[in-house]
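A.B. asks: Dropping the structure in here first, questions after.
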Amino acid sequence: MLLLAILLFCFPLALGQYDICKSWVTSDDGPSWEYYACQPKPMVMKEYALVKVDPPGITCGDPPERFCTHENPYLCSDECDASNPDLAHPPSLMFDKEEEGLATYWQSVTWRKYPEPLVANITLSWNKSIELTDDIVVTFEYGRPTIMLMEKSLDYGRTWHPYQYYADDCMEAFSMPPRKIKDLTATTANRVLCTEEYSRWAGSKKEKNVRFEVRDRFAIFAGPDLKKMENLYTRMESAKGLKDFFTLTDLRLRLLRPALGGTYVQRENLYKYFYAISNIEVTARCKCNLHSNACNFREGALQCECEHNTTGQDCGRCKKSFRNKSWRAGSYTPSPHGSPNACAAAGSAFGNCECYGHSNRCSYIDFLNVVTCVSCKHNTRGQHCQHCRLGFYRNLTAEMDDENVCIECNCNQLGSLHDRCNETGYCECKRGSTGPKCEDCLPGYHWRQGCYPNVCDEELLICQNGGTCHLGQKCICPSGFKGALCQDAKCDPTHRNCDSSSSSLTSSILTVCLLLLGTVDI
């Protein structure tokens, strides 16, 4: 199985460009890792975004208000009411999964305060650097804005930069001439433009989408069908600012003037002017500096699964034991596999086996063609000391090269089946025990060097004849009664009505029942 896993891991790089980080190869000098520049696959990023809409009160429904559409501008029978789920239009509806033919959308208040500007800002934050791989598409209901601006941030919202301007008249709105992507060249591919293509009135039911054209900018280098992506990647290494142009941590839409449905604002009916967005599509990959081919959502944030002995959310630094050379991002060049610029351990070659600093010796297993770490320390085990020993679990707050990467399970010996736990530190409990370390008892059980079923309780096993239950372990009977549940009267031989055989039989039957329930000891 180990050999099969290695063979699958080392499958030829023909699977795709920059999708494998390393391969196990054998040469005259012996087996070693061969590293490559690598990057994660594109993802639908709206699923991981935090959204913020401002200014406060810009979302409709508080208080409730009527609105109408451009198709029926004087039939204002629609209502937005934040207190009614069927009539509310919160920001979350920009990112939900919509049923076919039924659009759900965020909606702003109407332009009832005209001529005061109706301005709304929608911010998407990922708390992670991402790289765009396809067009950004914003879908508007009831008309696209006549003026808007798309901005991006590279530093988690501290500073913002314009990405693209949108207006029905670029000169009037932004003092910029209108341009199209086809006007750009290889030296101006990262220029910020103003476009009039998405802002002129075309009827709310015809044209809904506003785009930021990523693919058209890629096509300047990769061709109209994007089949020459190696040309784009090579250009990103040499053209100043080109790679950063498609990189961001936050995206902001500034909606500055709503759809008018004509050439001017009709003051007598301001209820038909508002913003409504049903979807924001962002396709991108995690930025991992070409040191990872996987990115996962962990602990509330996207994280690169770093290779090349790097670490950090963006693989932006070397691990503690691999700082023989200063950190460098990977490079797309030379083609076809790029330069990994892997971090190196002090006094070691790049091809040496990785043990995350938990071992300083390796052994070559000839028949498997595998190099494995020997005598893993710090409670680790595995080919690369990447797993925890039995009885220990992974400390998610520590990096793989940390001495405290594995934490002891500390299972309660009396309450657990064994001293092992799962990857979250929870032990496997005996019947009746509970808790992360199996040191508590479930309802109906009491602790007595382990968890045992209650002899008595307040629900099913109730002490009779005025007896009281002591810690679930026994009934304390009043004078004149006896038995596990005080169910038997003590027999006085001086009285003729003392039927010792009947009392003994009843007590015996109850004892047998309690034994079957496991509530008393023999």
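So you can find residues: chains in the structure tokens are A, B, ... in the order shown, residues in each start at 1, and ligands are numbered from 1 in order.
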Find the residues near region 181-196 of chain A: any atom within 7 Å, counting only C-alpha atoms, skip ones fewer than 3 places away on the same chain, and give them as a PyMOL selection string.
C.D. replies: chain A and resi 163-170+176-178+199-200+216-217+220-221+242+245
A.B. asks: The selected residues should be written to file as a compact mmCIF listing (two decimals), in the first residue's frame (atoms: N, CA and C atoms).
C.D. replies:
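What landed in result_2.txt:
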```txt
# COMPACT_ATOMS: atom_id res chain seq x y z
N TYR A 163 -10.10 49.17 -9.44
CA TYR A 163 -9.93 48.03 -10.33
C TYR A 163 -10.54 48.32 -11.70
N GLN A 164 -11.76 48.88 -11.68
CA GLN A 164 -12.40 49.28 -12.93
C GLN A 164 -13.54 50.25 -12.62
N TYR A 165 -13.72 51.24 -13.52
CA TYR A 165 -14.80 52.21 -13.40
C TYR A 165 -15.90 51.83 -14.38
N TYR A 166 -17.16 52.06 -13.97
CA TYR A 166 -18.32 51.76 -14.80
C TYR A 166 -19.24 52.98 -14.80
N ALA A 167 -19.67 53.43 -15.98
CA ALA A 167 -20.56 54.59 -16.05
C ALA A 167 -21.26 54.61 -17.40
N ASP A 168 -22.43 55.25 -17.42
CA ASP A 168 -23.08 55.45 -18.72
C ASP A 168 -22.41 56.58 -19.50
N ASP A 169 -21.66 57.42 -18.78
CA ASP A 169 -20.86 58.47 -19.42
C ASP A 169 -19.57 58.61 -18.61
N CYS A 170 -18.49 57.98 -19.07
CA CYS A 170 -17.23 57.93 -18.32
C CYS A 170 -16.63 59.32 -18.12
N MET A 176 -12.76 60.34 -17.44
CA MET A 176 -11.94 59.36 -18.14
C MET A 176 -12.60 59.01 -19.46
N PRO A 177 -11.83 58.83 -20.53
CA PRO A 177 -12.43 58.37 -21.78
C PRO A 177 -12.80 56.89 -21.66
N PRO A 178 -13.89 56.47 -22.28
CA PRO A 178 -14.25 55.05 -22.23
C PRO A 178 -13.28 54.20 -23.05
N SER A 199 -23.35 49.86 -18.27
CA SER A 199 -24.08 50.86 -17.48
C SER A 199 -25.24 51.51 -18.21
N ARG A 200 -25.29 51.37 -19.50
CA ARG A 200 -26.39 52.00 -20.24
C ARG A 200 -27.64 51.15 -20.14
N ASP A 216 -10.25 38.17 -20.73
CA ASP A 216 -9.83 38.97 -21.88
C ASP A 216 -8.44 39.55 -21.68
N ARG A 217 -8.09 39.86 -20.44
CA ARG A 217 -6.73 40.35 -20.17
C ARG A 217 -5.73 39.20 -20.29
N ILE A 220 -4.62 38.43 -23.91
CA ILE A 220 -3.59 39.27 -24.55
C ILE A 220 -2.29 38.49 -24.68
N PHE A 221 -2.03 37.59 -23.72
CA PHE A 221 -0.79 36.80 -23.73
C PHE A 221 -1.04 35.35 -24.15
N LEU A 242 2.22 42.86 -13.02
CA LEU A 242 1.18 42.08 -13.68
C LEU A 242 0.60 41.01 -12.75
N PHE A 245 -1.55 42.54 -10.12
CA PHE A 245 -2.80 43.10 -10.62
C PHE A 245 -3.96 42.13 -10.44
```
A.B. asks: Report the residues of region 38-233 of chain A whose backbone DSSP state falls under strand (DSSP E or B), written as a PyMOL selection string.
C.D. replies: chain A and resi 38+43-44+50-54+59+65-67+78-80+106-108+120-132+136-140+147-153+161-167+193-195+209-212
A.B. asks: Let me make sure I understand: among A:Glu131, A:Asp225, A:Asp155, A:Asp366, which one has the smallest atom-to-atom distance to Ala284 (chain A) if we use only C-alpha atoms?
C.D. replies: A:Glu131
A.B. asks: With distances taken over only C-alpha atoms, which of A:Met45, A:Cys355, A:Cys421, A:Cys21 is nearest to Thr380 (chain A)?
C.D. replies: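 Selected residue with least distance to Thr380 (chain A): A:Cys355.
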A.B. asks: Which residue is closest to Thr372 (chain A)? Choose from A:Cys385, A:Leu390, A:Ile20, A:Val455 and count only C-alpha atoms.
C.D. replies: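 Smallest separation from Thr372 (chain A) among the options: A:Cys385.
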A.B. asks: Excluding region 116-121 of chain A and residues on its chain fewer than 2 positions from it, collect all residues at most 7 Å away from it, counting only C-alpha atoms, and give them as a ChimeraX atom specification.
C.D. replies: /A:53-55,58,111,113-114,123,252-257
A.B. asks: Might you pull out every residue within 9 Å of Asp78 (chain A), with only C-alpha atoms counted and same-chain residues fewer than 4 positions away left off, and present them as a list in words?
C.D. replies: Glu65, Arg66, Phe67, Cys68, Thr69 and Leu87 of chain A
A.B. asks: Restricting the output to all heavy atoms, write the selected residues as a PDB file, in the first residue's frame.
C.D. replies:
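Saved result, again06.pdb, follows:
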```
ATOM      1  N   GLU A  65     -40.648  49.281   3.625  1.00  0.00           N
ATOM      2  CA  GLU A  65     -40.983  50.293   2.630  1.00  0.00           C
ATOM      3  C   GLU A  65     -41.445  49.633   1.334  1.00  0.00           C
ATOM      4  O   GLU A  65     -41.110  48.481   1.042  1.00  0.00           O
ATOM      5  CB  GLU A  65     -39.784  51.203   2.360  1.00  0.00           C
ATOM      6  CG  GLU A  65     -38.607  50.539   1.678  1.00  0.00           C
ATOM      7  CD  GLU A  65     -37.540  51.544   1.252  1.00  0.00           C
ATOM      8  OE1 GLU A  65     -37.911  52.647   0.799  1.00  0.00           O
ATOM      9  OE2 GLU A  65     -36.346  51.232   1.368  1.00  0.00           O
ATOM     10  N   ARG A  66     -42.232  50.390   0.573  1.00  0.00           N
ATOM     11  CA  ARG A  66     -42.702  49.931  -0.730  1.00  0.00           C
ATOM     12  C   ARG A  66     -41.664  50.266  -1.795  1.00  0.00           C
ATOM     13  O   ARG A  66     -40.860  51.175  -1.637  1.00  0.00           O
ATOM     14  CB  ARG A  66     -44.027  50.615  -1.103  1.00  0.00           C
ATOM     15  CG  ARG A  66     -45.195  50.247  -0.208  1.00  0.00           C
ATOM     16  CD  ARG A  66     -46.462  50.944  -0.662  1.00  0.00           C
ATOM     17  NE  ARG A  66     -46.323  52.416  -0.632  1.00  0.00           N
ATOM     18  CZ  ARG A  66     -46.302  53.192  -1.699  1.00  0.00           C
ATOM     19  NH1 ARG A  66     -46.411  52.671  -2.921  1.00  0.00           N
ATOM     20  NH2 ARG A  66     -46.196  54.512  -1.586  1.00  0.00           N
ATOM     21  N   PHE A  67     -41.672  49.489  -2.883  1.00  0.00           N
ATOM     22  CA  PHE A  67     -40.844  49.828  -4.034  1.00  0.00           C
ATOM     23  C   PHE A  67     -41.550  49.354  -5.292  1.00  0.00           C
ATOM     24  O   PHE A  67     -42.475  48.525  -5.244  1.00  0.00           O
ATOM     25  CB  PHE A  67     -39.443  49.208  -3.922  1.00  0.00           C
ATOM     26  CG  PHE A  67     -39.414  47.709  -3.982  1.00  0.00           C
ATOM     27  CD1 PHE A  67     -39.216  47.042  -5.183  1.00  0.00           C
ATOM     28  CD2 PHE A  67     -39.565  46.941  -2.829  1.00  0.00           C
ATOM     29  CE1 PHE A  67     -39.173  45.666  -5.250  1.00  0.00           C
ATOM     30  CE2 PHE A  67     -39.526  45.555  -2.885  1.00  0.00           C
ATOM     31  CZ  PHE A  67     -39.337  44.922  -4.089  1.00  0.00           C
ATOM     32  N   CYS A  68     -41.135  49.904  -6.408  1.00  0.00           N
ATOM     33  CA  CYS A  68     -41.714  49.503  -7.688  1.00  0.00           C
ATOM     34  C   CYS A  68     -40.588  49.278  -8.684  1.00  0.00           C
ATOM     35  O   CYS A  68     -39.416  49.519  -8.393  1.00  0.00           O
ATOM     36  CB  CYS A  68     -42.703  50.549  -8.200  1.00  0.00           C
ATOM     37  SG  CYS A  68     -42.100  52.247  -8.093  1.00  0.00           S
ATOM     38  N   THR A  69     -40.916  48.806  -9.860  1.00  0.00           N
ATOM     39  CA  THR A  69     -39.907  48.469 -10.863  1.00  0.00           C
ATOM     40  C   THR A  69     -40.036  49.398 -12.059  1.00  0.00           C
ATOM     41  O   THR A  69     -41.046  50.105 -12.230  1.00  0.00           O
ATOM     42  CB  THR A  69     -40.077  47.014 -11.327  1.00  0.00           C
ATOM     43  OG1 THR A  69     -41.324  46.877 -11.999  1.00  0.00           O
ATOM     44  CG2 THR A  69     -40.035  46.063 -10.140  1.00  0.00           C
ATOM     45  N   LEU A  87     -40.219  38.637   2.859  1.00  0.00           N
ATOM     46  CA  LEU A  87     -40.112  39.962   2.248  1.00  0.00           C
ATOM     47  C   LEU A  87     -38.760  40.624   2.510  1.00  0.00           C
ATOM     48  O   LEU A  87     -38.531  41.736   2.045  1.00  0.00           O
ATOM     49  CB  LEU A  87     -41.233  40.876   2.784  1.00  0.00           C
ATOM     50  CG  LEU A  87     -42.675  40.411   2.521  1.00  0.00           C
ATOM     51  CD1 LEU A  87     -43.656  41.369   3.194  1.00  0.00           C
ATOM     52  CD2 LEU A  87     -42.952  40.323   1.024  1.00  0.00           C
TER      53      LEU A  87
END
```
A.B. asks: Between CA of Cys429 (chain A) and CA of Tyr445 (chain A), what is the spacing in Å?
C.D. replies: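 If I compute the distance from CA of Tyr445 (chain A) to CA of Cys429 (chain A), I get 13.4 Å.
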A.B. asks: Could you tell me which of A:Tyr273, A:Trp160, A:Trp201, A:Tyr332 comes closest to Glu237 (chain A) if we count only C-alpha atoms?
C.D. replies: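 Among A:Tyr273, A:Trp160, A:Trp201, A:Tyr332, it is A:Tyr332 that comes nearest to Glu237 (chain A).
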A.B. asks: Ranking A:Met236, A:Leu248, A:Ile280, A:Cys76 by minimum distance to Lys97 (chain A) and counting only C-alpha atoms, which one comes first?
C.D. replies: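 Nearest to Lys97 (chain A): A:Ile280.
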A.B. asks: Could you produce a table of the residues of region 24-137 of chain A lying within 7 Å of region 286-289 of chain A, with the nearest pair of atoms per residue and their separation in Å rounded to one decimal, using only C-alpha atoms, ordered by chain and increasing residue number, as a tab-separated table?
C.D. replies:
```
residue	atom	partner	partner_atom	distance
A:Gln39	CA	A:Cys288	CA	6.7
A:Pro40	CA	A:Cys286	CA	6.5
A:Ser129	CA	A:Lys287	CA	5.4
A:Ile130	CA	A:Cys286	CA	4.5
A:Glu131	CA	A:Lys287	CA	5.8
```
A.B. asks: Per DSSP on the backbone, filter region 119-240 of chain A down to the residues in helix (DSSP H, G or I) and report them as a PyMOL selection string.
C.D. replies: chain A and resi 170-174+181-183+214-222+229-238
A.B. asks: Would you compute the distance between CA of Met43 (chain A) and CA of Thr283 (chain A)? Give it in Å to one decimal.
C.D. replies: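 Going from CA of Met43 (chain A) over to CA of Thr283 (chain A), I get 5.7 Å.
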A.B. asks: Which polymer residues have any atom within 9 Å of an atom of Thr333 (chain A), counting only C-alpha atoms, with same-chain residues fewer than 2 positions away left out, as a PyMOL selection string?
C.D. replies: chain A and resi 37+233-234+237+330-331+335-339
A.B. asks: Kindly export the residues of the current selection with N, CA, C and O atoms, as a JSON list (two decimals), in the first residue's frame.
C.D. replies:
```json
[["chain", "number", "residue", "atom", "x", "y", "z"],
["A", 37, "ALA", "N", 7.62, 24.08, -9.11],
["A", 37, "ALA", "CA", 6.67, 25.15, -8.76],
["A", 37, "ALA", "C", 5.26, 24.59, -8.87],
["A", 37, "ALA", "O", 4.95, 23.81, -9.77],
["A", 233, "TYR", "N", 2.12, 32.93, -17.95],
["A", 233, "TYR", "CA", 2.91, 32.70, -16.75],
["A", 233, "TYR", "C", 4.31, 33.28, -16.89],
["A", 233, "TYR", "O", 4.85, 33.89, -15.95],
["A", 234, "THR", "N", 4.91, 33.13, -18.05],
["A", 234, "THR", "CA", 6.24, 33.70, -18.27],
["A", 234, "THR", "C", 6.20, 35.21, -18.18],
["A", 234, "THR", "O", 7.09, 35.85, -17.60],
["A", 237, "GLU", "N", 6.20, 36.70, -14.68],
["A", 237, "GLU", "CA", 7.49, 36.77, -14.01],
["A", 237, "GLU", "C", 8.29, 38.00, -14.41],
["A", 237, "GLU", "O", 9.11, 38.50, -13.63],
["A", 330, "GLY", "N", 8.21, 30.78, -5.35],
["A", 330, "GLY", "CA", 8.51, 29.97, -6.51],
["A", 330, "GLY", "C", 8.38, 30.81, -7.78],
["A", 330, "GLY", "O", 7.84, 31.92, -7.78],
["A", 331, "SER", "N", 8.87, 30.26, -8.88],
["A", 331, "SER", "CA", 8.85, 30.98, -10.15],
["A", 331, "SER", "C", 8.25, 30.08, -11.23],
["A", 331, "SER", "O", 8.45, 28.87, -11.23],
["A", 335, "SER", "N", 10.29, 27.07, -18.14],
["A", 335, "SER", "CA", 9.24, 26.16, -18.54],
["A", 335, "SER", "C", 9.83, 24.75, -18.71],
["A", 335, "SER", "O", 10.99, 24.61, -19.09],
["A", 336, "PRO", "N", 9.09, 23.67, -18.42],
["A", 336, "PRO", "CA", 7.66, 23.67, -18.12],
["A", 336, "PRO", "C", 7.32, 23.58, -16.64],
["A", 336, "PRO", "O", 6.16, 23.67, -16.27],
["A", 337, "HIS", "N", 8.33, 23.33, -15.75],
["A", 337, "HIS", "CA", 8.01, 23.04, -14.36],
["A", 337, "HIS", "C", 8.36, 24.17, -13.40],
["A", 337, "HIS", "O", 8.07, 24.07, -12.22],
["A", 338, "GLY", "N", 8.96, 25.24, -13.88],
["A", 338, "GLY", "CA", 9.28, 26.37, -13.03],
["A", 338, "GLY", "C", 10.39, 26.07, -12.04],
["A", 338, "GLY", "O", 11.04, 25.02, -12.07],
["A", 339, "SER", "N", 10.61, 27.02, -11.14],
["A", 339, "SER", "CA", 11.64, 26.89, -10.10],
["A", 339, "SER", "C", 10.95, 26.92, -8.74],
["A", 339, "SER", "O", 10.29, 27.89, -8.40]]
```
A.B. asks: Considering only C-alpha atoms, state which residue in the set A:Val371, A:Thr146, A:Arg448, A:Pro90 is at the smallest distance from Tyr264 (chain A).
C.D. replies: A:Thr146
